[in-house]
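Trainee: So here's model-v9.cif (mmCIF, C-alpha atoms).
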```cif
data_run
loop_
_atom_site.label_atom_id
_atom_site.label_comp_id
_atom_site.auth_asym_id
_atom_site.auth_seq_id
_atom_site.Cartn_x
_atom_site.Cartn_y
_atom_site.Cartn_z
CA MET L 1 -61.44 142.99 35.50
CA ASN L 2 -64.65 144.20 33.91
CA ALA L 3 -63.50 147.00 31.62
CA ILE L 4 -64.05 147.61 27.94
CA VAL L 5 -60.41 147.91 26.87
CA SER L 6 -61.11 149.29 23.39
CA VAL L 7 -63.87 149.61 20.81
CA ASN L 8 -62.96 149.76 17.14
CA SER L 9 -66.20 150.90 15.53
CA GLU L 10 -64.78 150.93 12.01
CA ASP L 11 -63.62 147.34 12.33
CA LEU L 12 -66.78 146.19 14.14
CA ASP L 13 -64.81 144.73 17.03
CA CYS L 14 -63.88 145.40 20.64
CA CYS L 15 -61.56 144.15 23.33
CA VAL L 16 -62.88 143.48 26.84
CA GLN L 17 -61.81 142.09 30.17
CA PRO L 18 -63.50 138.82 31.15
CA GLY L 19 -65.55 140.12 34.08
CA ILE L 20 -67.73 142.47 32.06
CA THR L 21 -71.25 141.18 31.54
CA ARG L 22 -72.85 141.10 28.12
CA LYS L 23 -75.38 143.63 29.42
CA GLY L 24 -72.57 145.89 30.64
CA LEU L 25 -70.85 145.63 27.27
CA ASN L 26 -74.03 146.48 25.38
CA ALA L 27 -74.68 149.45 27.67
CA GLY L 28 -71.17 150.68 26.83
CA LEU L 29 -71.79 150.27 23.08
CA ARG L 30 -75.19 151.95 23.01
CA ASN L 31 -74.06 155.27 21.56
CA ARG L 32 -72.05 153.67 18.79
CA GLY L 33 -74.85 151.94 16.88
CA LEU L 34 -73.21 148.59 17.58
CA PHE L 35 -74.12 145.62 19.77
CA PHE L 36 -72.86 142.25 20.89
CA PRO L 37 -75.70 139.85 20.12
CA ILE L 38 -74.79 136.62 21.88
CA ASP L 39 -77.49 136.29 24.51
CA PRO L 40 -77.57 133.30 26.84
CA GLY L 41 -80.14 135.14 28.97
CA ALA L 42 -79.18 136.56 32.36
CA ALA L 43 -76.28 138.92 32.90
CA ALA L 44 -73.55 136.38 32.11
CA SER L 45 -69.94 137.57 31.99
CA ILE L 46 -68.10 137.56 28.68
CA GLY L 47 -65.32 135.47 30.26
CA GLY L 48 -67.81 132.85 31.40
CA MET L 49 -69.56 132.92 28.06
CA THR L 50 -66.22 132.41 26.30
CA SER L 51 -65.17 129.58 28.58
CA THR L 52 -68.48 127.75 28.13
CA ARG L 53 -68.81 128.56 24.42
CA ALA L 54 -72.23 130.10 25.14
CA SER L 55 -74.85 130.29 22.42
CA GLY L 56 -78.27 131.41 23.59
CA THR L 57 -81.25 132.82 21.78
CA MET L 58 -79.58 134.80 18.98
CA ALA L 59 -77.05 132.18 17.90
CA VAL L 60 -79.46 131.09 15.16
CA CYS L 61 -78.72 134.42 13.45
CA TYR L 62 -75.34 135.62 14.75
CA GLY L 63 -73.56 132.37 15.62
CA THR L 64 -72.16 131.19 18.96
CA MET L 65 -69.21 132.45 21.01
CA ARG L 66 -66.98 130.33 18.78
CA ASP L 67 -68.04 132.46 15.83
CA ASN L 68 -67.73 135.78 17.65
CA VAL L 69 -64.41 135.57 19.52
CA LEU L 70 -61.67 136.86 17.21
CA ALA L 71 -58.81 136.33 19.65
CA LEU L 72 -58.09 136.13 23.35
CA GLU L 73 -55.42 136.40 25.98
CA ALA L 74 -55.01 133.59 28.48
CA VAL L 75 -52.74 132.82 31.41
CA LEU L 76 -51.55 129.21 31.21
CA ALA L 77 -50.90 126.83 34.09
CA ASP L 78 -47.21 127.78 34.16
CA GLY L 79 -48.00 131.49 34.43
CA ARG L 80 -47.28 132.39 30.80
CA ALA L 81 -49.71 134.95 29.36
CA ILE L 82 -50.34 134.29 25.66
CA ARG L 83 -52.36 135.92 22.89
CA THR L 84 -54.06 133.55 20.45
CA GLY L 85 -54.40 136.02 17.58
CA ARG L 86 -54.70 139.59 16.33
CA ARG L 87 -57.76 141.56 15.30
CA ALA L 88 -57.77 140.37 11.69
CA ARG L 89 -61.02 138.70 10.67
CA ARG L 90 -59.20 135.54 9.59
CA PRO L 91 -57.34 133.56 12.23
CA GLY L 92 -53.90 133.68 10.58
CA GLY L 93 -51.50 130.76 10.26
CA GLY L 94 -50.65 127.71 12.30
CA TYR L 95 -52.90 125.99 14.77
CA ASP L 96 -55.87 128.19 15.63
CA LEU L 97 -55.61 128.46 19.41
CA THR L 98 -58.57 130.80 19.86
CA PRO L 99 -61.34 128.18 19.59
CA LEU L 100 -59.27 125.84 21.75
CA PHE L 101 -59.77 128.15 24.71
CA VAL L 102 -63.37 128.98 23.76
CA GLY L 103 -65.35 126.27 25.48
CA ALA L 104 -62.38 124.83 27.40
CA GLU L 105 -64.24 125.60 30.65
CA GLY L 106 -61.13 127.00 32.27
CA THR L 107 -59.30 123.69 32.07
CA LEU L 108 -56.45 124.98 29.88
CA GLY L 109 -55.90 128.41 31.36
CA LEU L 110 -57.57 131.55 32.63
CA ILE L 111 -58.88 133.94 30.00
CA THR L 112 -57.82 137.50 30.80
CA GLU L 113 -58.88 139.46 27.69
CA ILE L 114 -61.23 138.77 24.80
CA THR L 115 -61.47 140.36 21.35
CA LEU L 116 -65.04 140.15 20.10
CA LYS L 117 -66.84 140.77 16.84
CA LEU L 118 -69.56 143.39 17.06
CA HIS L 119 -72.60 143.88 14.86
CA PRO L 120 -74.46 147.01 13.71
CA LEU L 121 -77.77 147.53 15.49
CA PRO L 122 -80.48 146.56 13.01
CA GLU L 123 -82.70 149.32 11.64
CA ALA L 124 -85.83 147.49 12.79
CA MET L 125 -86.62 144.68 15.23
CA SER L 126 -89.95 143.01 15.79
CA ALA L 127 -91.13 140.02 17.76
CA ALA L 128 -93.97 137.54 17.47
CA VAL L 129 -95.57 135.02 19.82
CA CYS L 130 -97.34 132.09 18.15
CA SER L 131 -99.42 129.53 20.06
CA PHE L 132 -100.19 126.11 18.63
CA THR L 133 -102.82 123.44 19.16
CA SER L 134 -100.14 120.75 19.10
CA PHE L 135 -96.52 120.44 20.20
CA LYS L 136 -95.74 118.92 16.82
CA GLY L 137 -97.21 121.94 15.02
CA ALA L 138 -94.88 124.30 16.91
CA VAL L 139 -91.82 122.13 16.26
CA ASP L 140 -92.65 121.64 12.57
CA THR L 141 -93.08 125.40 12.18
CA ALA L 142 -89.64 126.07 13.65
CA ILE L 143 -88.03 123.51 11.37
CA ALA L 144 -89.82 124.83 8.27
CA ILE L 145 -88.76 128.42 9.09
CA ILE L 146 -85.09 127.33 9.18
CA GLN L 147 -85.40 125.19 6.07
CA ALA L 148 -87.04 128.11 4.22
CA ALA L 149 -83.97 130.17 5.22
CA ILE L 150 -86.01 132.96 6.81
CA PRO L 151 -83.25 134.87 8.63
CA VAL L 152 -84.88 134.84 12.07
CA ALA L 153 -82.91 136.52 14.86
CA ARG L 154 -84.46 134.32 17.55
CA LEU L 155 -86.64 131.22 17.38
CA GLU L 156 -87.54 129.78 20.76
CA LEU L 157 -89.91 126.97 21.67
CA LEU L 158 -91.65 126.75 25.04
CA ASP L 159 -93.91 123.80 25.74
CA GLU L 160 -97.21 124.27 27.53
CA ILE L 161 -95.67 123.37 30.90
CA MET L 162 -92.96 125.98 30.49
CA ILE L 163 -95.61 128.53 29.50
CA ARG L 164 -97.52 127.72 32.69
CA GLY L 165 -94.36 128.46 34.68
CA VAL L 166 -93.63 131.66 32.74
CA ASN L 167 -97.22 132.88 33.16
CA ALA L 168 -96.96 132.39 36.91
CA TYR L 169 -93.45 133.86 37.25
CA ALA L 170 -93.49 136.71 34.73
CA LYS L 171 -97.26 137.31 34.40
CA LEU L 172 -96.95 136.80 30.67
CA GLY L 173 -100.62 135.89 30.18
CA ALA L 174 -99.92 133.63 27.19
CA PRO L 175 -102.30 130.77 26.30
CA GLU L 176 -101.10 127.60 28.04
CA LYS L 177 -100.16 125.96 24.74
CA PRO L 178 -96.96 124.99 22.93
CA THR L 179 -95.57 128.37 21.85
CA LEU L 180 -92.90 129.89 19.64
CA PHE L 181 -91.23 133.20 20.49
CA LEU L 182 -89.71 134.79 17.37
CA GLU L 183 -87.69 137.89 16.67
CA PHE L 184 -86.81 139.48 13.35
CA HIS L 185 -83.96 141.91 12.62
CA GLY L 186 -83.48 143.91 9.44
CA SER L 187 -84.88 146.85 7.51
CA VAL L 188 -88.41 148.05 8.31
CA ALA L 189 -89.79 146.33 5.20
CA GLY L 190 -87.58 143.28 5.78
CA VAL L 191 -88.84 142.46 9.24
CA ILE L 192 -92.47 142.73 8.08
CA GLU L 193 -91.77 140.36 5.22
CA GLN L 194 -89.98 137.88 7.51
CA ALA L 195 -92.80 137.97 10.04
CA LYS L 196 -95.44 137.40 7.36
CA LEU L 197 -93.57 134.42 5.93
CA ALA L 198 -93.13 132.91 9.40
CA GLU L 199 -96.79 133.44 10.27
CA GLU L 200 -97.84 131.78 7.04
CA ILE L 201 -95.81 128.69 7.96
CA ALA L 202 -97.23 128.77 11.49
CA HIS L 203 -100.74 128.97 10.10
CA GLN L 204 -100.14 125.91 7.92
CA ASN L 205 -99.08 124.03 11.05
CA GLY L 206 -102.14 124.82 13.09
CA SER L 207 -101.22 127.99 14.97
CA LEU L 208 -103.99 129.35 17.17
CA SER L 209 -102.71 132.89 17.13
CA CYS L 210 -99.67 134.96 16.24
CA GLN L 211 -99.23 138.22 18.16
CA ARG L 212 -96.73 140.54 16.52
CA THR L 213 -95.10 143.55 18.15
CA GLY L 214 -92.50 146.12 17.20
CA LYS L 215 -92.68 147.99 20.50
CA PRO L 216 -89.35 147.85 22.37
CA GLU L 217 -90.98 147.57 25.81
CA GLU L 218 -93.14 144.62 24.71
CA ARG L 219 -90.16 142.88 23.14
CA ALA L 220 -88.17 143.46 26.32
CA ARG L 221 -90.97 141.96 28.40
CA LEU L 222 -91.14 138.90 26.15
CA TRP L 223 -87.40 138.22 26.23
CA SER L 224 -87.16 138.91 29.93
CA ALA L 225 -89.82 136.22 30.40
CA ARG L 226 -87.73 133.89 28.24
CA ASP L 227 -84.54 134.76 30.14
CA ASN L 228 -86.14 133.81 33.43
CA THR L 229 -87.34 130.36 32.40
CA LEU L 230 -84.99 128.67 34.90
CA TYR L 231 -86.70 130.43 37.80
CA ALA L 232 -90.13 130.12 36.18
CA GLY L 233 -89.48 126.40 35.75
CA THR L 234 -88.27 125.67 39.27
CA GLY L 235 -91.20 127.78 40.50
CA LEU L 236 -93.51 125.03 39.22
CA ARG L 237 -92.20 122.92 42.08
CA PRO L 238 -91.03 124.97 45.06
CA GLY L 239 -87.94 123.55 46.75
CA SER L 240 -86.80 121.78 43.60
CA LYS L 241 -83.60 122.28 41.65
CA ALA L 242 -83.40 121.76 37.92
CA LEU L 243 -81.18 119.21 36.24
CA ILE L 244 -80.86 121.09 32.96
CA THR L 245 -80.37 119.05 29.83
CA ASP L 246 -78.86 120.57 26.70
CA ILE L 247 -78.99 118.18 23.77
CA CYS L 248 -78.62 119.47 20.22
CA VAL L 249 -79.41 117.58 17.02
CA PRO L 250 -79.39 118.27 13.27
CA ILE L 251 -82.57 120.17 12.45
CA SER L 252 -84.01 117.33 10.33
CA ARG L 253 -83.97 115.08 13.41
CA LEU L 254 -85.38 117.66 15.82
CA ALA L 255 -89.06 116.73 15.46
CA GLU L 256 -88.59 113.04 16.28
CA CYS L 257 -86.11 113.84 19.05
CA LEU L 258 -88.44 116.33 20.74
CA ALA L 259 -91.49 114.08 20.35
CA GLU L 260 -89.70 111.10 21.90
CA THR L 261 -88.27 113.28 24.67
CA LYS L 262 -91.70 114.65 25.55
CA ARG L 263 -93.16 111.13 25.61
CA ASP L 264 -90.29 109.94 27.81
CA ILE L 265 -90.84 112.81 30.28
CA GLU L 266 -94.56 112.02 30.49
CA MET L 267 -93.87 108.31 31.04
CA SER L 268 -91.30 109.12 33.75
CA GLY L 269 -93.89 111.01 35.81
CA MET L 270 -91.38 113.81 36.41
CA THR L 271 -92.03 117.51 35.81
CA ALA L 272 -89.65 118.75 33.13
CA PRO L 273 -90.66 121.85 31.18
CA ILE L 274 -89.08 122.20 27.73
CA VAL L 275 -87.53 125.39 26.39
CA GLY L 276 -85.48 125.32 23.26
CA HIS L 277 -83.29 127.28 20.90
CA VAL L 278 -84.99 125.19 18.27
CA GLY L 279 -83.65 127.18 15.33
CA ASP L 280 -80.31 125.50 16.08
CA GLY L 281 -81.79 122.12 16.97
CA ASN L 282 -80.89 122.75 20.63
CA PHE L 283 -83.33 122.44 23.50
CA HIS L 284 -83.32 122.25 27.28
CA THR L 285 -85.52 120.32 29.63
CA LEU L 286 -85.53 121.44 33.25
CA ILE L 287 -85.91 118.17 35.12
CA LEU L 288 -87.25 119.28 38.49
CA ALA L 289 -86.04 117.22 41.41
CA ASN L 290 -85.65 117.58 45.13
CA PRO L 291 -81.86 117.89 45.57
CA LYS L 292 -82.09 116.12 48.95
CA ASP L 293 -83.89 113.10 47.50
CA ALA L 294 -81.22 110.75 46.11
CA GLU L 295 -83.78 108.58 44.36
CA GLU L 296 -85.27 111.55 42.53
CA ILE L 297 -81.84 112.77 41.47
CA ALA L 298 -81.09 109.27 40.18
CA GLN L 299 -84.38 109.26 38.26
CA ALA L 300 -83.59 112.67 36.78
CA LYS L 301 -80.12 111.48 35.76
CA ALA L 302 -81.58 108.39 34.11
CA LEU L 303 -84.02 110.51 32.12
CA HIS L 304 -81.12 112.78 31.12
CA GLY L 305 -79.08 109.76 30.04
CA ARG L 306 -81.87 108.52 27.79
CA MET L 307 -82.14 111.96 26.17
CA VAL L 308 -78.43 111.99 25.43
CA MET L 309 -78.51 108.49 23.91
CA ARG L 310 -81.38 109.65 21.71
CA ALA L 311 -79.41 112.73 20.65
CA LEU L 312 -76.32 110.65 19.84
CA ALA L 313 -78.44 108.25 17.77
CA CYS L 314 -79.54 111.33 15.76
CA ASP L 315 -75.87 112.33 15.24
CA GLY L 316 -76.29 115.11 17.80
CA THR L 317 -74.48 116.13 20.95
CA CYS L 318 -75.13 116.01 24.70
CA THR L 319 -74.43 119.74 24.95
CA GLY L 320 -75.39 122.58 22.64
CA GLU L 321 -74.12 125.36 24.86
CA HIS L 322 -73.74 124.55 28.55
CA GLY L 323 -70.58 122.49 28.23
CA ILE L 324 -69.52 119.26 29.92
CA GLY L 325 -68.65 120.44 33.44
CA MET L 326 -69.18 117.61 35.90
CA GLY L 327 -72.66 116.51 34.84
CA LYS L 328 -71.88 115.29 31.31
CA ILE L 329 -68.42 113.76 31.72
CA GLN L 330 -69.80 110.27 31.20
CA PHE L 331 -71.26 111.26 27.82
CA LEU L 332 -68.26 112.93 26.18
CA GLU L 333 -66.27 109.77 25.53
CA ARG L 334 -69.31 108.05 24.07
CA GLU L 335 -69.88 111.03 21.80
CA LEU L 336 -66.34 111.50 20.48
CA GLY L 337 -64.50 108.26 21.18
CA LEU L 338 -60.79 108.64 20.39
CA GLY L 339 -61.26 112.39 20.02
CA THR L 340 -61.59 112.60 23.78
CA GLY L 341 -58.14 111.02 24.08
CA VAL L 342 -56.67 113.83 21.96
CA MET L 343 -58.35 116.35 24.28
CA ARG L 344 -56.64 114.65 27.21
CA ASN L 345 -53.29 114.90 25.37
CA ILE L 346 -53.80 118.64 24.93
CA LYS L 347 -54.80 119.03 28.57
CA LYS L 348 -51.68 117.14 29.70
CA ALA L 349 -49.42 119.23 27.48
CA LEU L 350 -50.76 122.57 28.75
CA ASP L 351 -51.54 121.65 32.35
CA PRO L 352 -49.43 118.63 33.35
CA ALA L 353 -50.10 119.09 37.07
CA GLY L 354 -53.84 119.34 36.45
CA ILE L 355 -54.42 122.52 38.45
CA MET L 356 -56.73 124.31 35.99
CA ASN L 357 -60.36 123.64 36.96
CA PRO L 358 -59.72 119.95 37.72
CA GLY L 359 -62.55 117.44 37.55
CA LYS L 360 -64.32 119.16 34.66
CA ILE L 361 -64.71 117.73 31.12
CA PHE L 362 -62.78 114.57 32.13
CA VAL L 363 -62.43 112.61 35.33
CA SER L 364 -59.09 113.68 36.76
CA MET X 1 -54.49 125.53 51.94
CA GLN X 2 -51.31 126.46 53.74
CA GLU X 3 -51.22 129.77 55.57
CA SER X 4 -48.02 130.63 53.72
CA LEU X 5 -49.81 130.35 50.38
CA LEU X 6 -52.59 132.71 51.41
CA ALA X 7 -49.95 135.07 52.78
CA ALA X 8 -48.13 134.99 49.44
CA LEU X 9 -51.38 135.82 47.63
CA GLN X 10 -52.18 138.61 50.09
CA ASN X 11 -48.69 139.94 49.62
CA ILE X 12 -49.55 140.86 46.01
CA LEU X 13 -53.32 141.36 46.31
CA GLY X 14 -53.83 142.65 49.85
CA GLY X 15 -57.50 142.34 50.86
CA ARG X 16 -58.37 141.01 47.40
CA ALA X 17 -57.19 137.57 48.54
CA THR X 18 -59.43 136.20 51.25
CA ASN X 19 -60.41 133.02 53.02
CA ALA X 20 -63.49 134.62 54.63
CA LEU X 21 -66.32 132.11 54.81
CA GLY X 22 -68.80 134.45 53.08
CA ALA X 23 -66.61 134.85 50.01
CA ARG X 24 -65.87 131.12 49.91
CA GLU X 25 -69.55 130.24 50.10
CA ALA X 26 -70.51 132.77 47.44
CA HIS X 27 -67.94 131.22 45.09
CA GLY X 28 -68.57 127.57 45.95
CA ARG X 29 -72.11 127.30 44.68
CA SER X 30 -73.95 127.56 41.38
CA GLU X 31 -77.53 127.42 40.20
CA SER X 32 -77.10 123.72 39.50
CA TYR X 33 -78.18 120.77 41.63
CA PHE X 34 -74.58 120.03 42.66
CA PRO X 35 -73.72 120.42 46.35
CA VAL X 36 -71.76 123.47 47.51
CA PHE X 37 -68.01 122.97 47.11
CA LEU X 38 -66.03 125.52 49.09
CA PRO X 39 -62.75 126.88 47.70
CA ASP X 40 -59.98 127.40 50.27
CA ALA X 41 -59.63 131.04 49.27
CA VAL X 42 -61.02 133.53 46.76
CA VAL X 43 -58.89 136.04 44.85
CA PHE X 44 -60.03 139.12 42.93
CA PRO X 45 -57.26 140.03 40.45
CA GLU X 46 -57.35 143.31 38.55
CA SER X 47 -54.88 142.64 35.75
CA THR X 48 -53.36 139.92 33.59
CA LEU X 49 -50.12 140.40 35.48
CA GLU X 50 -51.84 139.65 38.77
CA VAL X 51 -53.52 136.57 37.28
CA ALA X 52 -50.13 135.33 36.13
CA GLU X 53 -48.63 135.88 39.58
CA ILE X 54 -51.56 134.07 41.24
CA VAL X 55 -51.16 131.12 38.88
CA LYS X 56 -47.42 130.90 39.57
CA ILE X 57 -47.99 130.93 43.32
CA CYS X 58 -50.72 128.26 43.13
CA ALA X 59 -48.71 126.15 40.67
CA SER X 60 -45.77 126.09 43.07
CA GLU X 61 -47.95 124.22 45.59
CA SER X 62 -50.14 122.41 43.00
CA VAL X 63 -53.22 124.21 44.27
CA PRO X 64 -56.16 124.06 41.81
CA ILE X 65 -57.47 127.27 40.25
CA ILE X 66 -61.08 127.70 39.16
CA GLY X 67 -62.30 130.76 37.27
CA PHE X 68 -65.62 132.17 38.40
CA GLY X 69 -67.98 134.13 36.16
CA ALA X 70 -71.19 135.98 36.90
CA TRP X 71 -73.02 132.93 38.27
CA HIS X 72 -75.79 132.76 35.72
CA LEU X 73 -77.21 130.60 33.01
CA ALA X 74 -80.25 130.52 30.79
#
```
How does this structure look as structure tokens?

Mentor:
Amino acid sequence: MNAIVSVNSEDLDCCVQPGITRKGLNAGLRNRGLFFPIDPGAAASIGGMTSTRASGTMAVCYGTMRDNVLALEAVLADGRAIRTGRRARRPGGGYDLTPLFVGAEGTLGLITEITLKLHPLPEAMSAAVCSFTSFKGAVDTAIAIIQAAIPVARLELLDEIMIRGVNAYAKLGAPEKPTLFLEFHGSVAGVIEQAKLAEEIAHQNGSLSCQRTGKPEERARLWSARDNTLYAGTGLRPGSKALITDICVPISRLAECLAETKRDIEMSGMTAPIVGHVGDGNFHTLILANPKDAEEIAQAKALHGRMVMRALACDGTCTGEHGIGMGKIQFLERELGLGTGVMRNIKKALDPAGIMNPGKIFVS
Amino acid sequence: MQESLLAALQNILGGRATNALGAREAHGRSESYFPVFLPDAVVFPESTLEVAEIVKICASESVPIIGFGAWHLA
């Protein structure tokens, strides 16, 4: 089930089966001047991206899966196949079931078809890599770019440890410093203006250098390096697995949250490179631990727990895009309180026997 | 999983329903730190109708169903 069912160029939408990857979809759209921008890195399937409510690097500009799924078809636990909406841009009347299934992690039903918004390919795209003397300078730059409403297409932070991993894994050759990867979409003049404004802000925050490029192959190399940060990160410690954290906070709280997180990692003595979709206040740490060492896993979980408590204190969330799964069950109730009880009510109503992906989101 | 359940799945899916160890292992792991968790069987449906049939068969025996994507994250 990996077909493009239909593309409606004039409506800027398409209908796909869940098994198609975002790369496969974009390859199929290439000759139409359209693309599907949601990019969680890797060749994720649209069904998986829908079920996890994926966001990724371009969400800062184009929104998350929640914003880009117009409607879907799902098979419920009793075998009924339902459609949650039509192709109209507004969701229609009654309860909006589409976003209920987006991010439900397969616990309410199996998604069998997805209607997606598409976007016109921008006239021009350019990228920039800015290195900073200080971590704070990089973070403050990202925040100022968002607050100045520069319409960046991507705005990614990699700390110096992540850069070390990326240099080794992808031969990026970037200075081993806190770094921002940026991308700009728009008209030819527009992307130059955006890049100049962003560089000015970076300069005010102590950037060492800003390398700009409009060449497609150089942009591809940069984003491929970003996409492979999980492997680049675990490569820093062969044999390790990463406990990936995913907190997300309001942008005004990002600087303090990142600074405290970095301090906490250093104090813990663990290796945990940071890579973040900072334009949305979302960042990951890859806490590297030996999966066979129970004490290390416990240490990693404790560090994760402290990060989540910090995020909640900033009115943020334990997950910006990866979902709850099994690893964040203990945080959801703390985050939403009675709201979690309503989720359980919905789950019980749609899947009373609890056969749809049990043990995820809640303890079953 | 009961043999009869797998047989019922194979009845509609043929070779696209399998309990071969290789398929179970490939669909029981992720890139996370969690240990491998083997499903009893793996099915490869090709239509919504087939998904609905699979769900009805599994629901009749209260067998859990877990969707599997492309096994990737960023």

Trainee: Can you list, as an NGL selection string, the residues that the PyMOL selection byres ((chain X) within 6 of (chain L)) selects here?

Mentor: :X and (33 or 46 or 48 or 52 or 55-56 or 64-66 or 69-70 or 72 or 74)

Trainee: So the first atom is atom CA of Ile38 of chain L and the second is atom CA of Leu157 of chain L; what is the distance between them in Å, to one decimal place?

Mentor: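 Here the two named atoms are 17.9 Å from each other.
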
Trainee: Using only C-alpha atoms, determine which residues lie at most 8 Å from segment 256-265 of chain L, disregarding the query and same-chain residues fewer than 3 positions distant; provide the list as JSON, numbers by chain.

Mentor: {"L": [136, 249, 253, 268, 269, 270, 271, 272, 303, 307, 310, 311, 314]}

Trainee: Might you pull out every residue within 8 Å of Ala71 of chain L, with all atoms listed in the file counted and same-chain residues fewer than 3 positions away left off, and present them as a ChimeraX atom specification?

Mentor: /L:83-87,98,114-116

Trainee: So which residues touch Ala170 of chain L within 9 Å, counting all atoms listed in the file, skipping near sequence neighbours fewer than 6 positions away, as a list in words?

Mentor: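 The filter keeps Arg221, Ser224, Ala225, Asn228 and Ala232 of chain L.
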
Trainee: Measuring atom to atom with all atoms listed in the file, identify which of L:Ala127, L:Asn282, L:Gly186, L:Thr234 is nearest to Glu31 of chain X.

Mentor: L:Thr234

Trainee: Point out the residue among X:Ile12, X:Phe68, X:Val51, X:Ala7 with the least atom-to-atom distance to Arg29 of chain X, counting only C-alpha atoms.

Mentor: X:Phe68

Trainee: Let me make sure I understand: among L:Leu108, L:Leu12, L:Ile346, L:Leu332, which one has the smallest atom-to-atom distance to Val363 of chain L if we use all atoms listed in the file?

Mentor: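 Closest candidate: L:Leu332.
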